[in-house]
file model_6.txt (compact mmCIF, C-alpha atoms)
# COMPACT_ATOMS: atom_id res chain seq x y z
CA MET E 1 7.51 -53.46 48.45
CA ALA E 2 9.31 -56.08 50.50
CA THR E 3 8.20 -57.30 53.91
CA SER E 4 10.01 -56.87 57.20
CA THR E 5 10.51 -60.63 57.31
CA GLU E 6 12.24 -60.57 53.93
CA ARG E 7 14.47 -57.67 54.93
CA ILE E 8 15.43 -59.23 58.28
CA ASN E 9 16.30 -62.53 56.63
CA GLN E 10 18.19 -60.74 53.87
CA ILE E 11 20.40 -58.73 56.22
CA MET E 12 21.00 -61.72 58.50
CA LYS E 13 22.10 -63.80 55.51
CA GLU E 14 24.37 -61.06 54.17
CA LYS E 15 26.01 -60.51 57.55
CA ARG E 16 26.09 -64.26 58.25
CA LEU E 17 24.25 -63.76 61.52
CA ARG E 18 22.42 -66.48 63.40
CA GLN E 19 19.45 -65.65 65.59
CA ILE E 20 21.64 -65.99 68.70
CA ASP E 21 24.08 -63.47 67.17
CA VAL E 22 21.28 -60.96 66.62
CA LEU E 23 20.07 -61.41 70.19
CA ASN E 24 23.56 -60.81 71.56
CA LEU E 25 24.05 -57.70 69.40
CA ALA E 26 20.65 -56.41 70.52
CA LYS E 27 21.40 -56.54 74.26
CA PRO E 28 23.31 -53.23 74.50
CA PHE E 29 20.57 -51.44 72.56
CA GLN E 30 17.85 -53.04 74.69
CA GLU E 31 19.58 -51.70 77.78
CA LYS E 32 20.13 -48.26 76.31
CA TYR E 33 16.60 -47.75 74.97
CA ASN E 34 14.75 -49.93 77.50
CA ILE E 35 13.19 -52.14 74.82
CA LYS E 36 12.11 -55.70 75.52
CA PHE E 37 13.25 -58.14 72.85
CA SER E 38 13.32 -61.92 73.15
CA LYS E 39 14.21 -65.05 71.23
CA SER E 40 10.48 -65.57 70.67
CA HIS E 41 10.12 -62.12 69.11
CA LEU E 42 12.97 -62.68 66.68
CA SER E 43 11.84 -66.19 65.75
CA GLN E 44 8.36 -64.91 64.87
CA TYR E 45 9.80 -62.11 62.72
CA VAL E 46 12.23 -64.43 60.91
CA ASN E 47 9.52 -67.00 60.22
CA GLY E 48 6.93 -64.44 59.15
CA LYS E 49 4.49 -65.26 61.95
CA SER E 50 4.29 -61.65 63.07
CA ASN E 51 5.64 -58.24 62.12
CA PRO E 52 7.82 -56.15 64.43
CA ASP E 53 6.18 -53.03 65.85
CA ASN E 54 7.81 -49.61 65.53
CA GLU E 55 9.80 -50.08 68.73
CA LYS E 56 11.29 -53.37 67.54
CA ILE E 57 11.97 -51.95 64.07
CA PHE E 58 13.93 -49.14 65.73
CA LEU E 59 15.89 -51.66 67.80
CA LEU E 60 16.67 -53.91 64.83
CA SER E 61 17.71 -50.94 62.70
CA LYS E 62 20.36 -50.20 65.33
CA VAL E 63 21.48 -53.84 65.45
CA PHE E 64 21.83 -54.15 61.68
CA GLY E 65 23.02 -50.59 61.03
CA VAL E 66 20.27 -49.87 58.49
CA THR E 67 17.45 -47.34 58.21
CA GLU E 68 14.07 -48.10 59.73
CA ALA E 69 12.32 -47.41 56.41
CA TRP E 70 14.44 -49.99 54.59
CA LEU E 71 13.81 -52.56 57.32
CA LEU E 72 10.08 -51.93 57.01
CA GLY E 73 10.34 -52.97 53.36
CA TYR E 74 10.25 -49.61 51.59
CA ASP E 75 12.24 -49.12 48.40
CA VAL E 76 14.70 -46.66 49.94
CA HIS E 77 18.44 -46.51 50.48
CA ARG E 78 19.56 -49.00 53.09
CA TYR E 79 21.94 -46.64 54.85
CA GLU E 80 21.86 -42.99 55.82
CA ARG E 81 23.75 -41.27 53.05
CA ILE E 82 26.63 -38.91 53.65
CA GLU E 83 26.30 -35.83 51.45
CA GLU E 84 29.13 -35.74 48.98
CA ALA E 85 31.27 -32.62 48.85
CA LYS E 86 30.58 -29.99 46.21
CA ILE E 87 34.14 -29.99 44.99
CA ASN E 88 33.70 -27.11 42.58
CA GLU E 89 32.19 -24.62 45.03
CA PRO E 90 33.93 -21.26 44.58
CA GLN E 91 34.46 -20.81 48.32
CA THR E 92 36.90 -23.72 48.43
CA LEU E 93 39.13 -22.36 45.67
CA GLN E 94 40.72 -19.79 47.98
CA GLY E 95 40.52 -21.96 51.07
CA LEU E 96 42.86 -23.52 53.56
CA LYS E 97 45.16 -26.29 52.41
CA ILE E 98 45.12 -29.45 54.56
CA PRO E 99 47.13 -32.68 54.16
CA VAL E 100 45.58 -35.90 52.89
CA LEU E 101 47.10 -38.77 54.85
CA GLY E 102 47.48 -42.41 53.86
CA THR E 103 47.73 -43.71 57.42
CA VAL E 104 47.13 -42.51 60.96
CA ALA E 105 48.79 -44.37 63.82
CA ALA E 106 48.42 -44.33 67.59
CA GLY E 107 50.61 -41.97 69.56
CA ILE E 108 51.65 -39.81 66.60
CA PRO E 109 50.19 -36.29 66.34
CA ILE E 110 48.48 -35.62 63.02
CA SER E 111 50.86 -32.72 62.43
CA ALA E 112 53.82 -35.11 62.68
CA VAL E 113 52.56 -37.72 60.20
CA GLU E 114 54.85 -37.93 57.18
CA ASP E 115 52.65 -40.17 55.02
CA ILE E 116 51.13 -37.25 53.08
CA LEU E 117 49.56 -38.32 49.78
CA ASP E 118 48.07 -35.04 48.62
CA TYR E 119 46.50 -31.80 49.77
CA GLU E 120 42.89 -30.62 49.73
CA GLU E 121 41.40 -27.17 50.19
CA VAL E 122 38.63 -26.42 52.67
CA PRO E 123 36.70 -23.15 53.17
CA GLN E 124 38.60 -20.30 54.81
CA SER E 125 35.71 -20.04 57.27
CA TRP E 126 36.83 -23.34 58.84
CA GLU E 127 40.03 -21.77 60.15
CA ASN E 128 38.59 -21.08 63.60
CA GLN E 129 36.47 -24.22 63.80
CA GLY E 130 39.20 -26.69 64.70
CA GLU E 131 41.99 -28.69 63.08
CA PHE E 132 41.25 -30.69 59.92
CA PHE E 133 43.00 -33.32 57.83
CA GLY E 134 42.12 -35.57 54.90
CA LEU E 135 42.32 -39.37 55.00
CA ARG E 136 42.46 -41.67 51.97
CA ILE E 137 40.06 -44.56 52.54
CA LYS E 138 41.27 -48.13 52.16
CA GLY E 139 38.82 -51.00 51.82
CA ASP E 140 35.09 -51.36 51.24
CA SER E 141 33.62 -51.53 54.75
CA MET E 142 31.73 -48.22 54.31
CA LYS E 143 30.49 -48.70 50.72
CA PRO E 144 28.32 -47.66 48.97
CA ASP E 145 28.57 -44.25 50.67
CA ILE E 146 32.36 -44.18 51.12
CA ASN E 147 34.40 -46.23 48.67
CA ASP E 148 37.97 -47.47 48.45
CA GLY E 149 40.15 -44.58 47.30
CA ASP E 150 37.77 -41.82 48.42
CA THR E 151 39.08 -38.98 50.56
CA VAL E 152 37.24 -37.96 53.72
CA ILE E 153 37.76 -34.61 55.41
CA VAL E 154 38.09 -35.09 59.15
CA ARG E 155 37.77 -32.65 62.04
CA GLN E 156 40.12 -33.67 64.84
CA GLN E 157 38.16 -34.47 68.01
CA SER E 158 38.09 -37.20 70.64
CA THR E 159 34.31 -37.39 71.15
CA ALA E 160 31.36 -38.19 68.92
CA ASN E 161 27.58 -38.27 68.89
CA ASN E 162 25.46 -41.24 67.89
CA GLY E 163 25.29 -41.55 64.11
CA ASP E 164 28.52 -39.65 63.49
CA VAL E 165 30.97 -41.19 61.03
CA VAL E 166 34.28 -41.24 62.85
CA ILE E 167 37.91 -42.17 62.39
CA ALA E 168 38.98 -44.44 65.23
CA LEU E 169 42.09 -46.32 66.24
CA VAL E 170 41.49 -49.81 67.63
CA ASN E 171 44.24 -51.55 69.55
CA GLY E 172 46.83 -49.15 68.16
CA ASP E 173 46.18 -50.28 64.58
CA ASP E 174 45.78 -48.09 61.52
CA ALA E 175 42.73 -45.84 61.51
CA THR E 176 39.30 -47.23 60.64
CA CYS E 177 36.28 -45.30 59.35
CA LYS E 178 32.99 -46.35 60.95
CA LYS E 179 29.62 -45.06 62.13
CA PHE E 180 29.67 -44.42 65.90
CA GLU E 181 27.04 -45.54 68.39
CA LYS E 182 27.37 -44.94 72.14
CA LEU E 183 25.73 -47.55 74.35
CA GLY E 184 25.18 -47.71 78.09
CA ASN E 185 27.94 -50.26 78.60
CA GLY E 186 30.19 -49.60 75.64
CA ILE E 187 30.32 -48.42 72.04
CA MET E 188 29.56 -49.85 68.62
CA LEU E 189 31.53 -49.12 65.44
CA ILE E 190 29.27 -49.90 62.50
CA SER E 191 30.12 -50.47 58.83
CA ASN E 192 27.76 -49.46 56.03
CA ASN E 193 28.71 -52.56 54.04
CA SER E 194 26.41 -55.38 55.10
CA GLU E 195 29.23 -57.90 54.73
CA TYR E 196 30.86 -56.48 57.87
CA SER E 197 29.32 -57.07 61.30
CA PRO E 198 29.18 -54.24 63.88
CA MET E 199 32.20 -54.03 66.20
CA TYR E 200 31.16 -53.88 69.87
CA PHE E 201 33.52 -52.78 72.63
CA SER E 202 32.63 -52.69 76.32
CA ASN E 203 33.59 -49.63 78.36
CA GLU E 204 36.47 -51.65 79.78
CA GLU E 205 37.70 -52.65 76.31
CA VAL E 206 37.54 -49.02 75.16
CA LEU E 207 40.13 -48.26 77.84
CA THR E 208 42.28 -51.39 77.64
CA LYS E 209 42.55 -52.07 73.90
CA PRO E 210 42.23 -49.05 73.60
CA VAL E 211 39.62 -47.65 71.21
CA VAL E 212 40.37 -43.99 70.49
CA ILE E 213 38.33 -41.56 68.38
CA ILE E 214 40.63 -39.17 66.58
CA GLY E 215 38.14 -37.32 64.43
CA ARG E 216 34.69 -36.93 62.87
CA VAL E 217 34.12 -37.10 59.12
CA VAL E 218 32.61 -33.81 57.94
CA GLU E 219 32.93 -34.15 54.18
CA LEU E 220 33.47 -36.74 51.44
CA ARG E 221 35.46 -36.01 48.30
CA ARG E 222 35.48 -38.31 45.32
CA LYS E 223 37.31 -37.95 42.04
CA PHE E 224 35.70 -39.44 38.94

call {"tool": "encode", "arguments": {"input": "model_6.txt", "output": "structure tokens"}}
result
Amino acid sequence: MATSTERINQIMKEKRLRQIDVLNLAKPFQEKYNIKFSKSHLSQYVNGKSNPDNEKIFLLSKVFGVTEAWLLGYDVHRYERIEEAKINEPQTLQGLKIPVLGTVAAGIPISAVEDILDYEEVPQSWENQGEFFGLRIKGDSMKPDINDGDTVIVRQQSTANNGDVVIALVNGDDATCKKFEKLGNGIMLISNNSEYSPMYFSNEEVLTKPVVIIGRVVELRRKF
């Protein structure tokens, strides 16, 4: 079993974060959860002079985008896993056909997108639960849970709860798949891949860039 000090140093090294970077990333979470966290705290944890209590572990898990158990040193998965789709379930064989898109751009309704790569079937019972589409993932920012070339099934919606994996448009660019975290003064879009740092946007930036949520990932489909 690893120590919290080892895990904190490991994730900081992988994400190329200095102590000042961690402190800055922690501020929104400190405000949201009313947790005191100082330069002295972090220095002691990094240097192994003391271990973070449960409150600080919770805070740091939010900062680094990892599970509390992993940060405590347990031999568990680093990230919360998304349950993979049971592709061969009988109920999907007579389901609804939805388009799998290669790109999603700002200002274009999903129904008008012409970049259709394939089609997937979803349960007939979803018909009255909203509008759905598939999106082919590009890049490795959400690995190991969601890999390059995977298809995610997305429910169209403009809001999300903390911990949801969402599809968002940032500054009008192509869609990005990230874990969503709402803060008191903004939002955080978090990658599962430790090589990518969390993306923080203030409430003002959400409006001016803008940052727009277009859907929530409800299922992952992977072909082997």

call {"tool": "atom_distance", "arguments": {"input": "model_6.txt", "atom1": "atom CA of E:Ser50", "atom2": "atom CA of E:Thr3"}}
result
10.9 Å

call {"tool": "closest_residue", "arguments": {"input": "model_6.txt", "among": "E:Ile214, E:Ala175, E:Ala168, E:Leu189", "to": "E:Lys62", "atoms": "only C-alpha atoms"}}
result
E:Leu189

call {"tool": "atom_distance", "arguments": {"input": "model_6.txt", "atom1": "atom CA of E:Asn171", "atom2": "atom CA of E:Phe201"}}
result
11.2 Å

call {"tool": "closest_residue", "arguments": {"input": "model_6.txt", "among": "E:Asn162, E:Thr208, E:Thr5, E:Gln129", "to": "E:His41", "atoms": "all atoms listed in the file"}}
result
E:Thr5

call {"tool": "residues_near_point", "arguments": {"input": "model_6.txt", "point": "(14.3, -51.7, 66.2)", "cutoff": "12 Å", "atoms": "all atoms listed in the file", "output": "ChimeraX atom specification"}}
result
/E:4,8,22-23,25-27,29-30,33-37,41-42,45,51-72

call {"tool": "closest_residue", "arguments": {"input": "model_6.txt", "among": "E:Gly149, E:Gly139, E:Gly186, E:Pro28", "to": "E:Glu205", "atoms": "all atoms listed in the file"}}
result
E:Gly186

call {"tool": "build_atoms", "arguments": {"input": "model_6.txt", "residues": "stretch 186-205 of chain E", "atoms": "N, CA and C atoms", "output": "compact mmCIF listing (two decimals), in the frame of the given file"}}
result
# COMPACT_ATOMS: atom_id res chain seq x y z
N GLY E 186 29.10 -49.52 76.61
CA GLY E 186 30.19 -49.60 75.64
C GLY E 186 29.88 -48.77 74.41
N ILE E 187 30.56 -49.11 73.31
CA ILE E 187 30.32 -48.42 72.04
C ILE E 187 30.23 -49.44 70.91
N MET E 188 29.65 -49.02 69.81
CA MET E 188 29.56 -49.85 68.62
C MET E 188 30.14 -49.05 67.44
N LEU E 189 31.02 -49.70 66.68
CA LEU E 189 31.53 -49.12 65.44
C LEU E 189 30.89 -49.91 64.30
N ILE E 190 30.14 -49.23 63.46
CA ILE E 190 29.27 -49.90 62.50
C ILE E 190 29.69 -49.59 61.06
N SER E 191 29.82 -50.63 60.25
CA SER E 191 30.12 -50.47 58.83
C SER E 191 28.83 -50.26 58.05
N ASN E 192 28.91 -49.57 56.93
CA ASN E 192 27.76 -49.46 56.03
C ASN E 192 27.60 -50.72 55.19
N ASN E 193 28.72 -51.35 54.86
CA ASN E 193 28.71 -52.56 54.04
C ASN E 193 28.15 -53.72 54.86
N SER E 194 27.09 -54.32 54.36
CA SER E 194 26.41 -55.38 55.10
C SER E 194 27.25 -56.63 55.29
N GLU E 195 28.37 -56.73 54.57
CA GLU E 195 29.23 -57.90 54.73
C GLU E 195 30.07 -57.83 56.01
N TYR E 196 30.07 -56.67 56.65
CA TYR E 196 30.86 -56.48 57.87
C TYR E 196 29.92 -56.34 59.07
N SER E 197 30.14 -57.14 60.10
CA SER E 197 29.32 -57.07 61.30
C SER E 197 29.74 -55.89 62.17
N PRO E 198 28.82 -55.33 62.97
CA PRO E 198 29.18 -54.24 63.88
C PRO E 198 30.27 -54.69 64.86
N MET E 199 31.13 -53.76 65.24
CA MET E 199 32.20 -54.03 66.20
C MET E 199 31.79 -53.45 67.55
N TYR E 200 31.58 -54.34 68.54
CA TYR E 200 31.16 -53.88 69.87
C TYR E 200 32.34 -53.91 70.83
N PHE E 201 32.47 -52.85 71.62
CA PHE E 201 33.52 -52.78 72.63
C PHE E 201 32.89 -52.32 73.94
N SER E 202 33.13 -53.09 75.01
CA SER E 202 32.63 -52.69 76.32
C SER E 202 33.40 -51.46 76.79
N ASN E 203 32.89 -50.80 77.83
CA ASN E 203 33.59 -49.63 78.36
C ASN E 203 35.00 -49.99 78.81
N GLU E 204 35.15 -51.20 79.35
CA GLU E 204 36.47 -51.65 79.78
C GLU E 204 37.40 -51.83 78.58
N GLU E 205 36.88 -52.43 77.50
CA GLU E 205 37.70 -52.65 76.31
C GLU E 205 38.10 -51.33 75.65
